[in-house]
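Reading through the structure tokens given below for one structure.
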Amino acid sequence: MGFVGTDPSGTKGNITDRSSREWCAEALTRLNAGRPESALDAARRAADLDPSAEWAYRLISLAHERLGRDADALPAAELAAELAGGSWSARLRLAAVLRRVPGRWQEAVRHATMAGRYAPEEPDPAVLLGDLALLRGDHAQAEQSYRAALAADPGHPQARVNLGLTLLRWDRPRPHHDPAWPVDPRETGRARRALEVWARQIRLAVALATVGVGLCALFLDWGAQAQFGGFAVLALLVPLTVRQARRVGVWSYVPGMFGRDPWLGAAVVSAVVSVLAFAAWLLLGAMPALPPTFDPVWAGLAGIVVLGWPALAAVRALAETWRGRPLRALSEFARAEIARAGAAERTMGRNVRVTLWIMLARTWSVLVPLVGGALAVEPGTAVAALLVPYPMLRGYLRARDGGSRGGDRWLLAATGLVVLCAVACAAGGASGSAWAWRTGTGALGAAVLLFVARAALTWWRGRPGPWRSSLLMCDLPMGSAPSVALDTEVRQTFSYARSIVLAYGDSLGPRVAGAVASVTSSGELRLIAETEAWEAIEADPRVAVFAADPLQRRFWVEVRGIALADSDVLRVTPKQVLVGEFPGRHQRR
């Protein structure tokens with residue numbers, strides 16, 4: 001006995017009597033409501049009712065993807081693309097799944113490109129191509145693809161949010177790994193961790209050894225013993241290096257990893273330089289009598305070992321702060337929120353806050369040398385500090401104009417301190433007031449303490465912190481668009497029509513040719529056409545197929561779709577179905 005439920009159109013009926021397409025519509029509704037398990041059950045019912053319904057398999061794939069089961073999502077996506085080779089939605093769904101499968105990145109790009117070729121008026125294929133380029137770190141190509149998508153749909157939330165990340169020169173989650181490599185990203189991830197751990201341990205060991213040897217030689221008069229301990233540390237670095245080297249199982253990819261993640265290469269090079277400098281420092285110290293001219297060299301080598309790591313970290317922080325164009329990114333984020341698209345809105349809000357923190361760090365990094373230079377050289381130049389917060393305040397205005405909600409109170413407080421610093425130091429430079437200088441420099445230091453407290457709090461709570469790595473890519477589900485169905489009347493028209501016309505385009509313009517057609521159970525048209533049509537369709541697969549009512553010739557049917565060669569026939573996947581009436585006596589009143 002069936003139970004009563006609500007069908008996709010909102011009416012009530014017996015839920016066991018639903019058709020395959022009605023179950024697909026129900027599955028899509030459940031997916032949009034955030035119920036992937038229930039949506040998977042509905043999509044499976046649709047597939048059981050009609051095994052040729054490619055829409056059902058796309059929804060099965062999408063439900064598995066939402067549940068984090070990428071391995072289960074792939075077979076359903078491949079089956080959907082096999083059932084409807086000319087469906088842009090099926091190609092898009094398959095591309096979205098393949099991008100997460102190691103070694104099949106190029107296939108994902110190929111299917112996404114085919115989807116864009118089949119439906120150039122749709123923005124989603126261009127968005128996915130932009131995502132594929134962004135994940136590889138190709139920001140120029142990503143920006144081009146996102147702008148092409150926005151030309152088709154200016155309010156597309158995913159294109160807006162990810163375009164903002166592109167303008168920020170966002171780092172993908174695995175910057176060392178090229179998704180197009182056939183190797184599993186977990187292998188390169190283990191190699192990266194081994195290299196990072198080795199570099200960290202080496203730099204820390206030689207830095208501590210340098211400080212220990214220096215203190216023992218200067219204050220305890222244990223010069224010989226301290227030097228012996230230093231050489232012992234060098235010897236201990238050998239087994240440590242061998243141990244980590246064994247964990248790098250993909251040495252052939254290491255140069256490419258350094259090229260994609262320069263900071264990883266810099267850390268490894270810094271560790272090697274530290275070891276060499278430490279060894280040279282020990283050898284110079286072991287010489288019995290060195291002229292005083294070698295003292296700066298000896299001190300410089302020690303400085304490289306001890307200060308090299310903090311200096312590299314400071315350079316990286318400064319480079320990350322000044323990377324990208326945050327003002328333009330904020331404009332894109334703000335325009336994305338106007339679209340109000342649920343998950344995209346939450347992602348946008350998080351990215352806006354992180355971008356404002358980046359702009360705050362830029363403002364702070366400009367104020368520090370400006371204020372320090374004014375105090376050391378000419379206090380009057382501090383008046384220029386009034387102009388420094390202007391870009392940051394413009395960023396706040398752009399975020400507010402976009403309707404941003406859920407502001408960060410820590411961010412507002414830190415911004416207020418930086419603005420106070422600029423005003424107070426400018427006043428101190430103009431009037432020479434010592435209290436103004438103290439207020440300005442105190443606010444500058446308090447902003448740092450506030451940032452440290454905010455970072456510690458987010459770390460303790462396990463939440464995204466106020467730094468670049470917290471930027472989030474928008475990844476909305478793709479490939480769920482309903483397929484175009486051929487009703488009984490249209491099927492009969494093509495099955496029994498005496499003449500069928502195929503329209504296609506080539507280099508000389510549109511062409512018309514006769515064809516013989518049949519309709520498959522999945523709703524595809526099978527055509528037998530002339531050789532010229534095959535050659536033209538390879539260049540542009542978009543076609544239109546016409547047929548007239550075979551009985552009374554009162555109406556005509558036009559199916560617009562994508563034609564693909566399959567053995568000795570052309571398979572046409574419908575994109576749009578038009579039905580009209582011929583003028584005649586039946587239209588008279």
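Chain labels A, B, ... are given in the sequence in which chains occur in the structure tokens; within each chain residues are numbered consecutively from 1, and ligands are likewise numbered from 1 in the order shown.
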
Using only C-alpha atoms, determine which residues lie at most 6 Å from segment 255-269 of chain A, disregarding the query and same-chain residues fewer than 2 positions distant; provide the list as a VMD selection string. chain A and resid 175 to 176 199 253 271 to 272

Quick one: residues within 9 Å of Val490 of chain A, only C-alpha atoms, excluding same-chain residues fewer than 3 positions away - as a ChimeraX atom specification? /A:486-487,493-495,549,557,577,579

Save out the residues we just selected, N, CA, C and O atoms, as a PDB file, in the first residue's frame.
```
ATOM      1  N   LEU A 486      11.534  13.873 -24.224  1.00  0.00           N
ATOM      2  CA  LEU A 486      10.669  13.873 -25.402  1.00  0.00           C
ATOM      3  C   LEU A 486       9.361  13.192 -25.025  1.00  0.00           C
ATOM      4  O   LEU A 486       9.351  12.013 -24.639  1.00  0.00           O
ATOM      5  N   ASP A 487       8.246  13.939 -25.096  1.00  0.00           N
ATOM      6  CA  ASP A 487       6.964  13.336 -24.733  1.00  0.00           C
ATOM      7  C   ASP A 487       6.488  12.385 -25.828  1.00  0.00           C
ATOM      8  O   ASP A 487       7.107  12.234 -26.888  1.00  0.00           O
ATOM      9  N   THR A 493       6.021  11.566 -33.581  1.00  0.00           N
ATOM     10  CA  THR A 493       6.285  12.389 -34.762  1.00  0.00           C
ATOM     11  C   THR A 493       7.573  11.950 -35.444  1.00  0.00           C
ATOM     12  O   THR A 493       7.614  11.764 -36.667  1.00  0.00           O
ATOM     13  N   PHE A 494       8.637  11.772 -34.685  1.00  0.00           N
ATOM     14  CA  PHE A 494       9.906  11.376 -35.282  1.00  0.00           C
ATOM     15  C   PHE A 494       9.906   9.910 -35.713  1.00  0.00           C
ATOM     16  O   PHE A 494      10.618   9.535 -36.649  1.00  0.00           O
ATOM     17  N   SER A 495       9.119   9.084 -35.063  1.00  0.00           N
ATOM     18  CA  SER A 495       9.119   7.669 -35.408  1.00  0.00           C
ATOM     19  C   SER A 495       8.362   7.399 -36.703  1.00  0.00           C
ATOM     20  O   SER A 495       8.729   6.477 -37.452  1.00  0.00           O
ATOM     21  N   ASP A 549       3.982  16.566 -38.291  1.00  0.00           N
ATOM     22  CA  ASP A 549       2.974  15.611 -37.862  1.00  0.00           C
ATOM     23  C   ASP A 549       2.706  14.637 -39.005  1.00  0.00           C
ATOM     24  O   ASP A 549       2.256  15.049 -40.087  1.00  0.00           O
ATOM     25  N   VAL A 557       7.691  19.812 -35.228  1.00  0.00           N
ATOM     26  CA  VAL A 557       8.534  19.628 -34.055  1.00  0.00           C
ATOM     27  C   VAL A 557       9.969  19.958 -34.441  1.00  0.00           C
ATOM     28  O   VAL A 557      10.447  19.535 -35.503  1.00  0.00           O
ATOM     29  N   VAL A 577      13.295  21.472 -27.032  1.00  0.00           N
ATOM     30  CA  VAL A 577      12.242  20.948 -27.904  1.00  0.00           C
ATOM     31  C   VAL A 577      11.216  22.044 -28.137  1.00  0.00           C
ATOM     32  O   VAL A 577      10.688  22.622 -27.178  1.00  0.00           O
ATOM     33  N   VAL A 579       7.625  23.009 -30.332  1.00  0.00           N
ATOM     34  CA  VAL A 579       6.475  22.477 -31.061  1.00  0.00           C
ATOM     35  C   VAL A 579       5.617  23.651 -31.501  1.00  0.00           C
ATOM     36  O   VAL A 579       5.312  24.549 -30.702  1.00  0.00           O
TER      37      VAL A 579
END
```

Apply DSSP to the structure's backbone, then extract all residues of segment 384-551 of chain A labelled strand (DSSP E) and return them as a PyMOL selection string. chain A and resi 500-506+509-519+525-528+542-548

Given the choices A:Gly68, A:Pro541, A:Gly523, A:Gly440, which gets closest to Leu370 of chain A if the distance is worked out from only C-alpha atoms?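 Once distances to Leu370 of chain A are computed over only C-alpha atoms, the minimum belongs to A:Gly440.
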
List the spatial neighbours of Leu564 of chain A as JSON, numbers by chain - criterion: any atom at most 8 Å away, only C-alpha atoms, same-chain residues fewer than 6 positions off excluded. {"A": [85, 86, 537, 538, 541, 570, 571, 572]}

Using Å and a single decimal, report how far atom CA of Ala317 of chain A sits from atom CA of Leu208 of chain A. 23.5 Å

Segment 86-269 of chain A: which residues are helix (DSSP H, G or I) by DSSP, as a ChimeraX atom specification? /A:88-98,105-118,124-135,139-152,157-167,185-219,223-246,251-260,262-269

Excluding same-chain residues fewer than 4 positions from Glu37 of chain A, what lies within 8 Å of it counting only C-alpha atoms, as a PDB file with C-alpha atoms, in the first residue's frame?
```pdb
ATOM      1  CA  ASP A  41      17.622   7.016  -2.214  1.00  0.00           C
ATOM      2  CA  ALA A  63      24.728  12.710  -3.870  1.00  0.00           C
ATOM      3  CA  LEU A  67      28.619  12.600   1.088  1.00  0.00           C
TER       4      LEU A  67
END
```
